file run27.txt (compact mmCIF, C-alpha atoms)
# COMPACT_ATOMS: atom_id res chain seq x y z
CA MET A 7 0.00 0.00 0.00
CA ARG A 8 2.83 2.39 -0.84
CA GLY A 9 0.29 4.53 -2.73
CA CYS A 10 -1.22 5.63 0.58
CA THR A 11 2.08 6.76 2.13
CA PRO A 12 5.37 7.32 0.28
CA ARG A 13 7.33 7.86 3.51
CA CYS A 14 6.64 5.10 6.02
CA LEU A 15 8.95 2.08 6.19
CA LEU A 16 7.62 -1.17 4.72
CA LEU A 17 8.58 -4.62 6.01
CA LYS A 18 8.77 -7.77 3.87
CA GLN A 19 9.03 -11.19 5.51
CA LEU A 20 11.11 -14.22 4.55
CA PHE A 21 11.20 -17.34 6.72
CA ILE A 22 14.12 -19.58 5.81
CA ARG A 23 13.39 -23.28 5.70
CA ARG A 24 14.64 -23.63 2.15
CA ILE A 25 15.99 -20.73 0.14
CA ILE A 26 12.92 -20.03 -2.01
CA LEU A 27 12.77 -16.29 -2.49
CA PHE A 28 10.48 -13.66 -3.91
CA LEU A 29 12.82 -10.78 -3.23
CA ALA A 30 12.15 -8.35 -6.07
CA PHE A 31 10.23 -5.15 -5.41
CA SER A 32 9.51 -2.01 -7.37
CA PRO A 33 11.61 1.14 -6.73
CA GLU A 34 8.65 3.11 -5.36
CA GLN A 35 8.47 0.70 -2.41
CA HIS A 36 11.57 2.26 -0.81
CA PRO A 37 12.19 2.53 2.08
CA ILE A 38 11.70 -1.19 2.65
CA VAL A 39 13.06 -3.70 5.19
CA LEU A 40 13.63 -7.40 4.59
CA GLN A 41 12.74 -9.48 7.66
CA ILE A 42 14.23 -12.96 7.75
CA GLY A 43 13.65 -15.86 10.09
CA GLY A 44 15.75 -18.95 10.66
CA ASN A 45 18.04 -20.84 13.02
CA ASN A 46 20.81 -21.94 10.66
CA LEU A 47 23.71 -19.51 10.34
CA ASN A 48 24.72 -20.76 6.89
CA ASN A 49 21.21 -20.37 5.50
CA ILE A 50 20.87 -16.93 7.08
CA ALA A 51 24.15 -15.88 5.45
CA LYS A 52 23.00 -17.23 2.07
CA ALA A 53 19.66 -15.44 2.34
CA VAL A 54 21.28 -12.10 3.13
CA GLU A 55 23.80 -12.57 0.33
CA LEU A 56 21.03 -13.36 -2.15
CA ALA A 57 19.05 -10.31 -1.00
CA LYS A 58 21.96 -7.90 -1.30
CA PRO A 59 21.60 -7.09 -5.04
CA TYR A 60 17.94 -6.11 -4.53
CA GLY A 61 18.85 -3.08 -2.43
CA TYR A 62 16.80 -3.41 0.73
CA ASP A 63 17.22 -0.51 3.15
CA GLU A 64 17.58 -2.67 6.27
CA ILE A 65 17.75 -6.36 7.24
CA ASN A 66 15.75 -7.48 10.28
CA LEU A 67 15.86 -10.80 12.17
CA ASN A 68 12.53 -12.12 13.43
CA CYS A 69 12.78 -13.05 17.11
CA GLY A 70 9.12 -12.43 17.84
CA CYS A 71 6.87 -14.79 15.86
CA PRO A 72 5.02 -17.19 18.23
CA SER A 73 3.54 -19.45 15.53
CA SER A 74 3.90 -23.16 16.33
CA LYS A 75 5.35 -23.74 12.84
CA VAL A 76 8.01 -21.12 13.52
CA ALA A 77 8.71 -21.05 17.26
CA GLY A 78 7.60 -24.66 17.82
CA HIS A 79 8.71 -27.16 15.19
CA GLY A 80 10.83 -24.52 13.46
CA CYS A 81 12.71 -23.53 16.62
CA PHE A 82 13.14 -19.94 15.54
CA GLY A 83 11.02 -16.79 15.76
CA VAL A 84 10.37 -15.85 19.39
CA ARG A 85 12.09 -18.99 20.64
CA LEU A 86 15.38 -17.34 19.68
CA MET A 87 14.90 -14.96 22.60
CA LEU A 88 15.92 -17.88 24.80
CA ASP A 89 19.29 -18.04 23.02
CA PRO A 90 20.75 -14.51 22.87
CA LYS A 91 24.20 -15.93 22.12
CA PHE A 92 22.91 -17.42 18.85
CA VAL A 93 21.03 -14.21 18.02
CA GLY A 94 24.24 -12.23 18.48
CA GLU A 95 26.03 -14.65 16.17
CA ALA A 96 23.21 -14.46 13.61
CA MET A 97 23.22 -10.66 13.67
CA SER A 98 26.98 -10.64 13.16
CA VAL A 99 26.55 -12.96 10.17
CA ILE A 100 23.82 -10.73 8.74
CA ALA A 101 25.92 -7.58 9.22
CA ALA A 102 28.95 -9.23 7.63
CA ASN A 103 26.95 -9.98 4.47
CA THR A 104 25.23 -6.64 3.96
CA ASP A 105 26.09 -2.95 3.75
CA VAL A 106 22.79 -1.73 5.24
CA PRO A 107 21.66 -1.37 8.88
CA VAL A 108 20.52 -4.47 10.77
CA SER A 109 17.84 -4.83 13.45
CA VAL A 110 16.03 -7.33 15.66
CA LYS A 111 12.28 -7.62 16.19
CA CYS A 112 11.34 -9.37 19.43
CA ARG A 113 8.78 -9.62 22.24
CA ILE A 114 9.34 -8.59 25.86
CA GLY A 115 9.57 -12.21 26.98
CA VAL A 116 8.67 -15.85 26.40
CA ASP A 117 6.43 -17.92 28.72
CA ASP A 118 7.86 -17.64 32.25
CA HIS A 119 10.99 -15.88 30.98
CA ASP A 120 9.23 -12.56 31.21
CA SER A 121 11.01 -10.40 33.78
CA TYR A 122 12.37 -7.02 32.80
CA ASN A 123 15.90 -8.12 33.71
CA GLU A 124 15.66 -11.12 31.36
CA LEU A 125 14.55 -8.79 28.55
CA CYS A 126 17.50 -6.52 29.31
CA ASP A 127 19.87 -9.49 29.37
CA PHE A 128 18.71 -10.36 25.84
CA VAL A 129 19.13 -6.80 24.53
CA TYR A 130 22.50 -6.38 26.27
CA LYS A 131 23.96 -9.69 25.07
CA VAL A 132 22.80 -9.23 21.47
CA SER A 133 23.91 -5.60 21.21
CA SER A 134 27.27 -6.21 22.91
CA SER A 135 28.15 -9.22 20.75
CA SER A 136 27.02 -7.88 17.37
CA PRO A 137 26.59 -4.63 15.41
CA THR A 138 22.86 -4.53 16.32
CA ARG A 139 21.79 -1.05 17.41
CA HIS A 140 18.08 -1.15 16.63
CA PHE A 141 15.42 -3.27 18.37
CA ILE A 142 11.74 -3.36 17.41
CA ILE A 143 9.89 -4.34 20.58
CA HIS A 144 6.43 -5.92 20.55
CA SER A 145 5.41 -4.92 24.07
CA ARG A 146 3.80 -8.27 24.94
CA LYS A 147 5.39 -11.53 25.93
CA ALA A 148 4.69 -14.65 23.85
CA LEU A 149 3.01 -17.80 25.12
CA LEU A 150 4.24 -20.81 23.17
CA ASN A 151 1.70 -23.40 24.28
CA GLY A 152 -2.07 -23.43 24.18
CA ILE A 153 -2.93 -20.26 22.25
CA SER A 154 -2.85 -19.29 18.58
CA PRO A 155 -0.74 -16.55 16.96
CA ALA A 156 -3.86 -14.36 16.81
CA GLU A 157 -4.46 -14.87 20.54
CA ASN A 158 -0.78 -14.09 21.15
CA ARG A 159 -1.50 -10.63 19.75
CA GLU A 160 -4.32 -10.06 22.24
CA ILE A 161 -4.11 -12.18 25.41
CA PRO A 162 -0.68 -11.39 26.90
CA PRO A 163 -0.99 -7.91 28.44
CA LEU A 164 0.83 -4.96 26.94
CA LYS A 165 3.66 -3.63 29.08
CA TYR A 166 4.70 -0.37 27.47
CA GLU A 167 6.61 0.44 30.65
CA TYR A 168 9.17 -2.22 29.65
CA PHE A 169 9.71 -0.53 26.30
CA TYR A 170 10.32 2.91 27.78
CA ALA A 171 12.55 1.42 30.48
CA LEU A 172 14.71 -0.08 27.72
CA MET A 173 15.10 3.41 26.26
CA ARG A 174 16.19 4.66 29.68
CA ASP A 175 18.64 1.83 30.33
CA PHE A 176 20.16 1.57 26.82
CA PRO A 177 20.48 5.20 25.68
CA ASP A 178 22.94 4.30 22.91
CA LEU A 179 20.45 1.98 21.17
CA ARG A 180 17.42 2.75 19.02
CA PHE A 181 14.01 1.31 19.93
CA THR A 182 10.82 1.10 17.89
CA ILE A 183 7.58 0.36 19.74
CA ASN A 184 5.05 -2.20 18.46
CA GLY A 185 1.85 -3.79 19.74
CA GLY A 186 -1.62 -2.40 20.36
CA ILE A 187 -1.08 0.89 18.52
CA LYS A 188 -3.96 1.27 16.06
CA THR A 189 -4.16 4.90 14.95
CA VAL A 190 -1.96 7.78 13.87
CA ASP A 191 -2.97 9.64 17.06
CA GLU A 192 -1.67 6.75 19.17
CA ALA A 193 1.54 6.58 17.14
CA ASN A 194 2.12 10.28 17.75
CA ALA A 195 1.46 9.77 21.48
CA ALA A 196 4.16 7.08 21.58
CA LEU A 197 6.60 9.39 19.79
CA ARG A 198 5.85 12.26 22.16
CA LEU A 199 6.69 9.96 25.06
CA GLY A 200 10.10 9.37 23.53
CA ALA A 201 9.87 6.34 21.22
CA HIS A 202 12.38 6.50 18.38
CA GLY A 203 9.90 4.86 16.03
CA VAL A 204 6.49 3.18 15.88
CA MET A 205 5.52 0.00 14.03
CA VAL A 206 1.84 -0.47 13.14
CA GLY A 207 0.95 -3.87 11.70
CA ARG A 208 -2.59 -5.22 11.86
CA SER A 209 -4.34 -1.85 11.77
CA ALA A 210 -2.40 -0.83 8.67
CA TYR A 211 -3.52 -4.07 7.01
CA GLN A 212 -7.10 -4.13 8.27
CA ASN A 213 -7.88 -0.45 7.67
CA PRO A 214 -5.15 0.83 5.34
CA TRP A 215 -6.93 3.86 3.91
CA ARG A 216 -7.76 5.51 7.23
CA THR A 217 -4.46 4.46 8.84
CA LEU A 218 -1.79 4.84 6.18
CA GLY A 219 -3.59 7.67 4.41
CA HIS A 220 -2.73 10.04 7.28
CA VAL A 221 0.85 8.98 8.01
CA ASP A 222 2.64 11.48 5.76
CA THR A 223 0.73 14.51 7.04
CA ALA A 224 0.30 13.60 10.72
CA ILE A 225 3.70 11.98 11.34
CA TYR A 226 6.04 13.52 8.78
CA GLY A 227 4.37 16.92 8.44
CA ALA A 228 3.98 16.69 4.66
CA PRO A 229 1.17 18.62 2.93
CA SER A 230 -1.90 16.57 2.05
CA SER A 231 -1.65 15.04 -1.43
CA GLY A 232 -5.42 14.81 -1.81
CA ILE A 233 -4.98 11.39 -3.39
CA THR A 234 -8.11 9.25 -3.80
CA ARG A 235 -8.56 5.52 -3.75
CA ARG A 236 -9.29 5.54 -7.48
CA GLN A 237 -5.85 7.07 -8.03
CA VAL A 238 -4.22 4.57 -5.66
CA LEU A 239 -5.81 1.71 -7.58
CA GLU A 240 -4.74 3.14 -10.94
CA GLN A 241 -1.15 3.16 -9.70
CA TYR A 242 -1.54 -0.31 -8.21
CA GLN A 243 -2.91 -1.67 -11.49
CA VAL A 244 0.27 -0.69 -13.32
CA TYR A 245 2.40 -2.24 -10.57
CA GLY A 246 0.24 -5.37 -10.25
CA ASP A 247 0.18 -6.21 -13.94
CA SER A 248 3.96 -5.70 -14.12
CA VAL A 249 4.67 -8.33 -11.44
CA LEU A 250 1.85 -10.79 -12.12
CA GLY A 251 3.24 -14.21 -12.99
CA THR A 252 6.88 -13.12 -12.67
CA TYR A 253 7.79 -16.60 -11.38
CA GLY A 254 5.66 -18.84 -13.59
CA ASN A 255 2.20 -18.76 -12.03
CA ARG A 256 3.39 -16.72 -9.02
CA PRO A 257 2.44 -14.24 -7.81
CA SER A 258 -1.17 -14.98 -8.68
CA ILE A 259 -4.03 -12.50 -9.02
CA ARG A 260 -5.10 -13.36 -5.47
CA GLU A 261 -1.61 -12.77 -4.07
CA VAL A 262 -1.22 -9.42 -5.83
CA VAL A 263 -4.66 -8.19 -4.78
CA LYS A 264 -4.47 -9.39 -1.16
CA PRO A 265 -3.08 -6.07 0.23
CA LEU A 266 -6.15 -4.29 -1.19
CA LEU A 267 -8.87 -6.46 0.33
CA HIS A 268 -9.52 -4.05 3.24
CA LEU A 269 -9.15 -0.83 1.25
CA PHE A 270 -12.89 -0.15 1.57
CA TYR A 271 -13.22 -1.29 5.18
CA THR A 272 -16.66 -0.25 6.60
CA ASP A 273 -17.49 1.74 3.43
CA PRO A 274 -20.62 1.30 1.31
CA GLY A 275 -20.02 -1.40 -1.29
CA ASN A 276 -17.32 -3.21 0.70
CA GLY A 277 -19.28 -6.46 1.06
CA PRO A 278 -20.39 -6.70 -2.60
CA TRP A 279 -16.86 -5.80 -3.74
CA LYS A 280 -15.37 -8.68 -1.74
CA ARG A 281 -17.96 -11.10 -3.12
CA LYS A 282 -17.18 -9.98 -6.67
CA ALA A 283 -13.47 -10.34 -5.87
CA ASP A 284 -13.94 -13.96 -4.78
CA ALA A 285 -15.59 -14.72 -8.11
CA ALA A 286 -13.07 -12.74 -10.17
CA PHE A 287 -10.13 -14.60 -8.63
CA GLN A 288 -11.32 -17.71 -10.45
CA HIS A 289 -10.94 -16.40 -14.00
CA CYS A 290 -9.36 -12.92 -14.28
CA LYS A 291 -5.93 -12.92 -15.94
CA THR A 292 -4.90 -9.29 -15.33
CA ILE A 293 -5.27 -6.77 -12.54
CA LYS A 294 -7.03 -4.43 -14.99
CA SER A 295 -9.70 -7.02 -15.78
CA PHE A 296 -10.05 -7.74 -12.06
CA PHE A 297 -10.69 -4.06 -11.27
CA ASP A 298 -13.03 -3.66 -14.25
CA GLU A 299 -15.14 -6.53 -12.94
CA THR A 300 -15.16 -5.72 -9.24
CA LEU A 301 -14.98 -1.96 -8.71
CA VAL A 302 -18.49 -1.46 -10.10
CA ALA A 303 -19.58 -2.42 -6.56
CA ILE A 304 -17.98 0.70 -5.06
CA PRO A 305 -19.84 4.02 -5.44
CA ASP A 306 -17.99 6.77 -7.32
CA TYR A 307 -18.19 9.13 -4.36
CA ILE A 308 -16.20 6.60 -2.30
CA LEU A 309 -13.60 6.03 -5.00
CA ASP A 310 -13.11 9.76 -5.65
CA ALA A 311 -13.08 11.09 -2.07
CA PRO A 312 -9.78 12.04 -0.41
CA VAL A 313 -9.06 10.40 2.92
CA ALA A 314 -11.38 11.62 5.69
CA GLU A 315 -10.39 12.58 9.21
CA PRO A 316 -8.35 9.88 10.95
CA PRO A 317 -9.98 7.80 13.70
CA SER A 318 -9.22 9.16 17.14
CA GLY A 319 -6.85 7.26 19.40
CA ARG A 320 -7.30 6.05 22.95
CA GLU A 321 -6.27 8.88 25.25
CA ASP A 322 -5.28 6.52 28.07
CA LEU A 323 -3.14 4.12 26.03
CA PHE A 324 0.09 5.24 27.70
CA ALA A 325 -1.41 6.40 30.99
CA ASN A 326 1.02 5.93 33.91
CA THR A 327 3.54 4.20 31.63
CA LEU A 328 6.53 6.14 32.92
CA SER A 329 5.53 5.75 36.56
CA LEU A 330 5.21 1.97 36.09
CA MET A 331 8.73 1.51 34.72
CA PRO A 332 10.76 -1.19 36.54
CA PRO A 333 13.96 -0.29 38.42
CA PRO A 334 17.04 0.36 36.26
CA TYR A 335 18.78 -2.68 34.80
CA GLU A 336 22.03 -3.99 36.18
CA ASP A 337 23.94 -6.49 34.10
CA ARG A 338 24.25 -9.46 36.44
CA GLU A 339 27.37 -10.87 34.82
CA GLN A 340 29.13 -7.50 35.00
CA LYS A 341 28.04 -7.07 38.61
CA ILE A 342 29.52 -10.47 39.54
CA LEU A 343 32.83 -9.51 37.91
CA LEU A 344 32.95 -6.20 39.77
CA GLU A 345 32.22 -7.87 43.09
CA ALA A 346 34.78 -10.65 42.56
call {"tool": "encode", "arguments": {"input": "run27.txt", "output": "structure tokens"}}
result
Amino acid sequence: MRGCTPRCLLLKQLFIRRIILFLAFSPEQHPIVLQIGGNNLNNIAKAVELAKPYGYDEINLNCGCPSSKVAGHGCFGVRLMLDPKFVGEAMSVIAANTDVPVSVKCRIGVDDHDSYNELCDFVYKVSSSSPTRHFIIHSRKALLNGISPAENREIPPLKYEYFYALMRDFPDLRFTINGGIKTVDEANAALRLGAHGVMVGRSAYQNPWRTLGHVDTAIYGAPSSGITRRQVLEQYQVYGDSVLGTYGNRPSIREVVKPLLHLFYTDPGNGPWKRKADAAFQHCKTIKSFFDETLVAIPDYILDAPVAEPPSGREDLFANTLSLMPPPYEDREQKILLEA
């Protein structure tokens, strides 16, 4: 959905079981981050090396996914938080094979390993043993047994106080906050409290027009472009038809259109448009023919209207966050050495 916001950073995922890559992207998608996941240093090195010619702006290691396929049988994702030594080694391998910045995305803990000191131990060990200077923190812990990935985004409580305590205790590192932030107002509130950056995931996907459509003006201070969804779709049609079937039958019409499926969230015509889309997926061969067949369900006044006022944020989202921060971190290993 780059058409909605030229400035915000995009993230593209790659989980490494075998090196099967769809790495190409169009120039207008900059700035863009490649997120990789894996637990084999050789495969991680190969993936980064293969990605290098494509010109990503940053490489990120996923240490936060709680999916059973990833953190369970795959033994990577959030499970890597239990092995900071390996993460440090992996980040060193990534940095050695790229010329762009590197970062880690993680949770604040895993199962019973959820104390603030354990989180700090992870950040300290990774940052002191590798060139990693940027951590993207999902401010919930992960539960690896008994709940789904979707429930892992809702059930563990948010602890924003851990995030802001990390900023206090590691002033030389950069931290981006993630988790539970759904509107531009809430993102600005996090920035005002001191966050270096804000990552918005599900809300940007589930309601892209009203979320991403305000990023450039509300966050970056750019003048309003006045762009409409019709114009966004015209741009996307050119992009979509240029990449369709690049790798044989992949990406398919469905895969190319997937980022658009919530573009008309809660608007008149949204339901009929999705039903027409389900039918069009079966036989349309181009993005143009797909739009010609489906967009008749959306009224012109919706297609041609600029983005409306953004949804308001929750005023109490960060209430008492700073007063709830845990005591300052002390590196236990360093303390033992000093006392010896």
call {"tool": "atom_distance", "arguments": {"input": "run27.txt", "atom1": "atom CA of A:Leu125", "atom2": "atom CA of A:Ala171"}}
result
10.6 Å
call {"tool": "residues_around", "arguments": {"input": "run27.txt", "residues": "stretch 100-110 of chain A", "least_positions_apart": "5", "cutoff": "10 Å", "atoms": "only C-alpha atoms", "output": "VMD selection string"}}
result
chain A and resid 39 to 42 47 50 to 59 61 to 70 93 to 95 129 132 to 133 136 to 143 180 to 181
call {"tool": "atom_distance", "arguments": {"input": "run27.txt", "atom1": "atom CA of A:Gly246", "atom2": "atom CA of A:Pro214"}}
result
17.6 Å
call {"tool": "closest_residue", "arguments": {"input": "run27.txt", "among": "A:Ile233, A:Ala285, A:Ile293, A:Ile304", "to": "A:Ser258", "atoms": "only C-alpha atoms"}}
result
A:Ile293
call {"tool": "closest_residue", "arguments": {"input": "run27.txt", "among": "A:Thr234, A:Gln35, A:Thr182, A:Asn123", "to": "A:Val313", "atoms": "all atoms listed in the file"}}
result
A:Thr234
call {"tool": "atom_distance", "arguments": {"input": "run27.txt", "atom1": "atom CA of A:Tyr242", "atom2": "atom CA of A:Ala283"}}
result
15.8 Å
call {"tool": "residues_around", "arguments": {"input": "run27.txt", "residues": "stretch 267-281 of chain A", "least_positions_apart": "2", "cutoff": "12 Å", "atoms": "only C-alpha atoms", "output": "number ranges by chain"}}
result
A: 7, 9-10, 208-219, 234-236, 238-239, 260-265, 283-288, 296-309, 311, 313-314
call {"tool": "residues_around", "arguments": {"input": "run27.txt", "residues": "A:Tyr166", "least_positions_apart": "6", "cutoff": "12 Å", "atoms": "all atoms listed in the file", "output": "NGL selection string"}}
result
:A and (113-114 or 122 or 143-147 or 172-173 or 182-187 or 196 or 199-201 or 323-332)
call {"tool": "closest_residue", "arguments": {"input": "run27.txt", "among": "A:Thr223, A:Ser73, A:Ser32, A:Thr189", "to": "A:Val244", "atoms": "all atoms listed in the file"}}
result
A:Ser32
call {"tool": "closest_residue", "arguments": {"input": "run27.txt", "among": "A:Met97, A:Cys126, A:Ala30, A:Ile153", "to": "A:Asp337", "atoms": "all atoms listed in the file"}}
result
A:Cys126
call {"tool": "closest_residue", "arguments": {"input": "run27.txt", "among": "A:Cys81, A:Val204, A:Leu29, A:Val249", "to": "A:Gly44", "atoms": "all atoms listed in the file"}}
result
A:Cys81
